[in-house]
Amino acid sequence: MQNVYIGIDGGGTKTNVLVEDENGRPLGQARSGPANIRNNHQLAWQSILDGVKLALSKASMRLDDPSIRFHLGLGLAGTEVP
């Protein structure tokens, strides 16, 4: 099974996604819309999913590939606000 790492930086104006292999080599990256869960949690999760799918497509991968074990690191704007 292949290990793939996805890093997500979800900000108030844009979301950056980076996909790497287990040796830290970049495989794909993408940018999508805002991911501030305090302002609009539905838009935030959609931006995250859009960015992940785009970055994976650039790496010729899909989220539903059973031969890949995905590991996710996620930082989002707005999480510090109750």
# chains A, B, ... in the order shown; residues from 1 in each chain; ligands from 1
$ select_by_dssp --residues "chain A" --states "helix (DSSP H, G or I)" --output "list in words"
His41, Gln42, Leu43, Ala44, Trp45, Gln46, Ser47, Ile48, Leu49, Asp50, Gly51, Val52, Lys53, Leu54, Ala55, Leu56, Ser57 and Lys58 of chain A
$ residues_around --residues "range 27-33 of chain A" --least-positions-apart "4" --cutoff "10 Å" --atoms "only C-alpha atoms" --output "PyMOL selection string"
chain A and resi 4-21+43-61
$ write_last_selection --atoms "N, CA, C and O atoms" --output "short mmCIF file (atom, residue, chain, number, x, y, z; two decimals), in the first residue's frame"
data_model
loop_
_atom_site.label_atom_id
_atom_site.label_comp_id
_atom_site.auth_asym_id
_atom_site.auth_seq_id
_atom_site.Cartn_x
_atom_site.Cartn_y
_atom_site.Cartn_z
N VAL A 4 0.47 8.36 1.09
CA VAL A 4 0.47 9.69 0.49
C VAL A 4 0.05 10.68 1.55
O VAL A 4 -0.89 10.43 2.32
N TYR A 5 0.74 11.80 1.60
CA TYR A 5 0.50 12.82 2.63
C TYR A 5 -0.09 14.07 1.99
O TYR A 5 0.43 14.55 0.98
N ILE A 6 -1.16 14.57 2.59
CA ILE A 6 -1.85 15.75 2.09
C ILE A 6 -1.79 16.82 3.17
O ILE A 6 -2.27 16.61 4.29
N GLY A 7 -1.21 17.95 2.83
CA GLY A 7 -1.16 19.09 3.74
C GLY A 7 -2.12 20.16 3.25
O GLY A 7 -2.10 20.52 2.07
N ILE A 8 -2.96 20.66 4.15
CA ILE A 8 -3.96 21.66 3.79
C ILE A 8 -3.80 22.88 4.68
O ILE A 8 -3.82 22.78 5.90
N ASP A 9 -3.64 24.03 4.03
CA ASP A 9 -3.59 25.31 4.72
C ASP A 9 -4.83 26.08 4.30
O ASP A 9 -4.88 26.68 3.23
N GLY A 10 -5.87 26.01 5.13
CA GLY A 10 -7.15 26.64 4.82
C GLY A 10 -7.21 28.03 5.42
O GLY A 10 -7.31 28.18 6.63
N GLY A 11 -7.15 29.03 4.57
CA GLY A 11 -7.15 30.42 5.04
C GLY A 11 -8.46 31.12 4.77
O GLY A 11 -9.39 30.56 4.19
N GLY A 12 -8.51 32.37 5.18
CA GLY A 12 -9.71 33.16 5.03
C GLY A 12 -10.01 33.55 3.59
O GLY A 12 -11.16 33.83 3.25
N THR A 13 -8.99 33.56 2.73
CA THR A 13 -9.21 33.95 1.33
C THR A 13 -8.89 32.84 0.34
O THR A 13 -9.36 32.87 -0.79
N LYS A 14 -8.06 31.88 0.75
CA LYS A 14 -7.71 30.78 -0.16
C LYS A 14 -7.27 29.57 0.64
O LYS A 14 -6.92 29.67 1.82
N THR A 15 -7.27 28.44 -0.02
CA THR A 15 -6.81 27.19 0.56
C THR A 15 -5.70 26.64 -0.31
O THR A 15 -5.86 26.52 -1.53
N ASN A 16 -4.57 26.31 0.30
CA ASN A 16 -3.45 25.70 -0.41
C ASN A 16 -3.36 24.23 0.00
O ASN A 16 -3.44 23.91 1.18
N VAL A 17 -3.17 23.37 -1.00
CA VAL A 17 -3.08 21.93 -0.76
C VAL A 17 -1.80 21.41 -1.41
O VAL A 17 -1.51 21.74 -2.56
N LEU A 18 -1.06 20.60 -0.66
CA LEU A 18 0.15 19.97 -1.17
C LEU A 18 0.07 18.47 -0.93
O LEU A 18 -0.26 18.04 0.18
N VAL A 19 0.35 17.69 -1.96
CA VAL A 19 0.37 16.23 -1.88
C VAL A 19 1.81 15.77 -2.05
O VAL A 19 2.50 16.19 -2.99
N GLU A 20 2.27 14.91 -1.12
CA GLU A 20 3.64 14.41 -1.16
C GLU A 20 3.65 12.90 -0.99
O GLU A 20 2.74 12.33 -0.37
N ASP A 21 4.71 12.27 -1.48
CA ASP A 21 4.88 10.85 -1.22
C ASP A 21 5.54 10.66 0.14
O ASP A 21 5.84 11.63 0.85
N LEU A 43 -18.89 26.35 2.84
CA LEU A 43 -17.94 26.79 1.83
C LEU A 43 -16.53 26.32 2.17
O LEU A 43 -15.77 25.91 1.29
N ALA A 44 -16.18 26.37 3.45
CA ALA A 44 -14.84 25.93 3.87
C ALA A 44 -14.60 24.47 3.50
O ALA A 44 -13.58 24.13 2.89
N TRP A 45 -15.55 23.59 3.84
CA TRP A 45 -15.36 22.17 3.54
C TRP A 45 -15.37 21.91 2.04
O TRP A 45 -14.65 21.05 1.54
N GLN A 46 -16.17 22.67 1.29
CA GLN A 46 -16.18 22.51 -0.16
C GLN A 46 -14.84 22.95 -0.76
O GLN A 46 -14.31 22.31 -1.66
N SER A 47 -14.28 24.05 -0.24
CA SER A 47 -12.98 24.52 -0.72
C SER A 47 -11.89 23.49 -0.44
O SER A 47 -11.01 23.25 -1.27
N ILE A 48 -11.96 22.88 0.73
CA ILE A 48 -10.98 21.84 1.09
C ILE A 48 -11.09 20.66 0.14
O ILE A 48 -10.09 20.20 -0.43
N LEU A 49 -12.30 20.17 -0.06
CA LEU A 49 -12.50 19.03 -0.95
C LEU A 49 -12.08 19.36 -2.37
O LEU A 49 -11.40 18.55 -3.03
N ASP A 50 -12.45 20.53 -2.86
CA ASP A 50 -12.07 20.94 -4.21
C ASP A 50 -10.55 20.98 -4.37
O ASP A 50 -10.00 20.49 -5.36
N GLY A 51 -9.87 21.57 -3.38
CA GLY A 51 -8.41 21.67 -3.44
C GLY A 51 -7.73 20.31 -3.39
O GLY A 51 -6.78 20.05 -4.13
N VAL A 52 -8.23 19.43 -2.53
CA VAL A 52 -7.65 18.09 -2.42
C VAL A 52 -7.84 17.32 -3.72
O VAL A 52 -6.90 16.71 -4.25
N LYS A 53 -9.04 17.36 -4.26
CA LYS A 53 -9.30 16.63 -5.51
C LYS A 53 -8.43 17.17 -6.66
O LYS A 53 -7.90 16.39 -7.45
N LEU A 54 -8.28 18.49 -6.74
CA LEU A 54 -7.46 19.07 -7.80
C LEU A 54 -5.99 18.69 -7.64
O LEU A 54 -5.33 18.30 -8.61
N ALA A 55 -5.47 18.78 -6.42
CA ALA A 55 -4.07 18.41 -6.18
C ALA A 55 -3.83 16.93 -6.48
O ALA A 55 -2.81 16.56 -7.08
N LEU A 56 -4.77 16.08 -6.09
CA LEU A 56 -4.63 14.65 -6.38
C LEU A 56 -4.72 14.38 -7.87
O LEU A 56 -3.99 13.52 -8.39
N SER A 57 -5.58 15.10 -8.57
CA SER A 57 -5.68 14.87 -10.02
C SER A 57 -4.37 15.25 -10.70
O SER A 57 -3.95 14.60 -11.66
N LYS A 58 -3.72 16.29 -10.21
CA LYS A 58 -2.41 16.67 -10.77
C LYS A 58 -1.36 15.61 -10.49
O LYS A 58 -0.36 15.51 -11.21
N ALA A 59 -1.59 14.81 -9.44
CA ALA A 59 -0.69 13.71 -9.11
C ALA A 59 -1.17 12.39 -9.72
O ALA A 59 -0.62 11.33 -9.40
N SER A 60 -2.20 12.46 -10.56
CA SER A 60 -2.81 11.27 -11.18
C SER A 60 -3.32 10.29 -10.13
O SER A 60 -3.13 9.07 -10.25
N MET A 61 -3.98 10.83 -9.10
CA MET A 61 -4.53 10.02 -8.01
C MET A 61 -5.98 10.40 -7.76
O MET A 61 -6.42 11.47 -8.15
#
$ select_by_dssp --residues "range 13-43 of chain A" --states "strand (DSSP E or B)" --output "PyMOL selection string"
chain A and resi 15-21+26-32+36
$ residues_around --residues "Asn3 in chain A" --least-positions-apart "5" --cutoff "7 Å" --atoms "only C-alpha atoms" --output "number ranges by chain"
A: 21-22, 68-70
$ atom_distance --atom1 "CA of Gln2 in chain A" --atom2 "CA of Ala35 in chain A"
28.1 Å
$ atom_distance --atom1 "CA of Gln42 in chain A" --atom2 "CA of Pro66 in chain A"
26.9 Å
$ atom_distance --atom1 "CA of Ile37 in chain A" --atom2 "CA of Asp65 in chain A"
27.9 Å
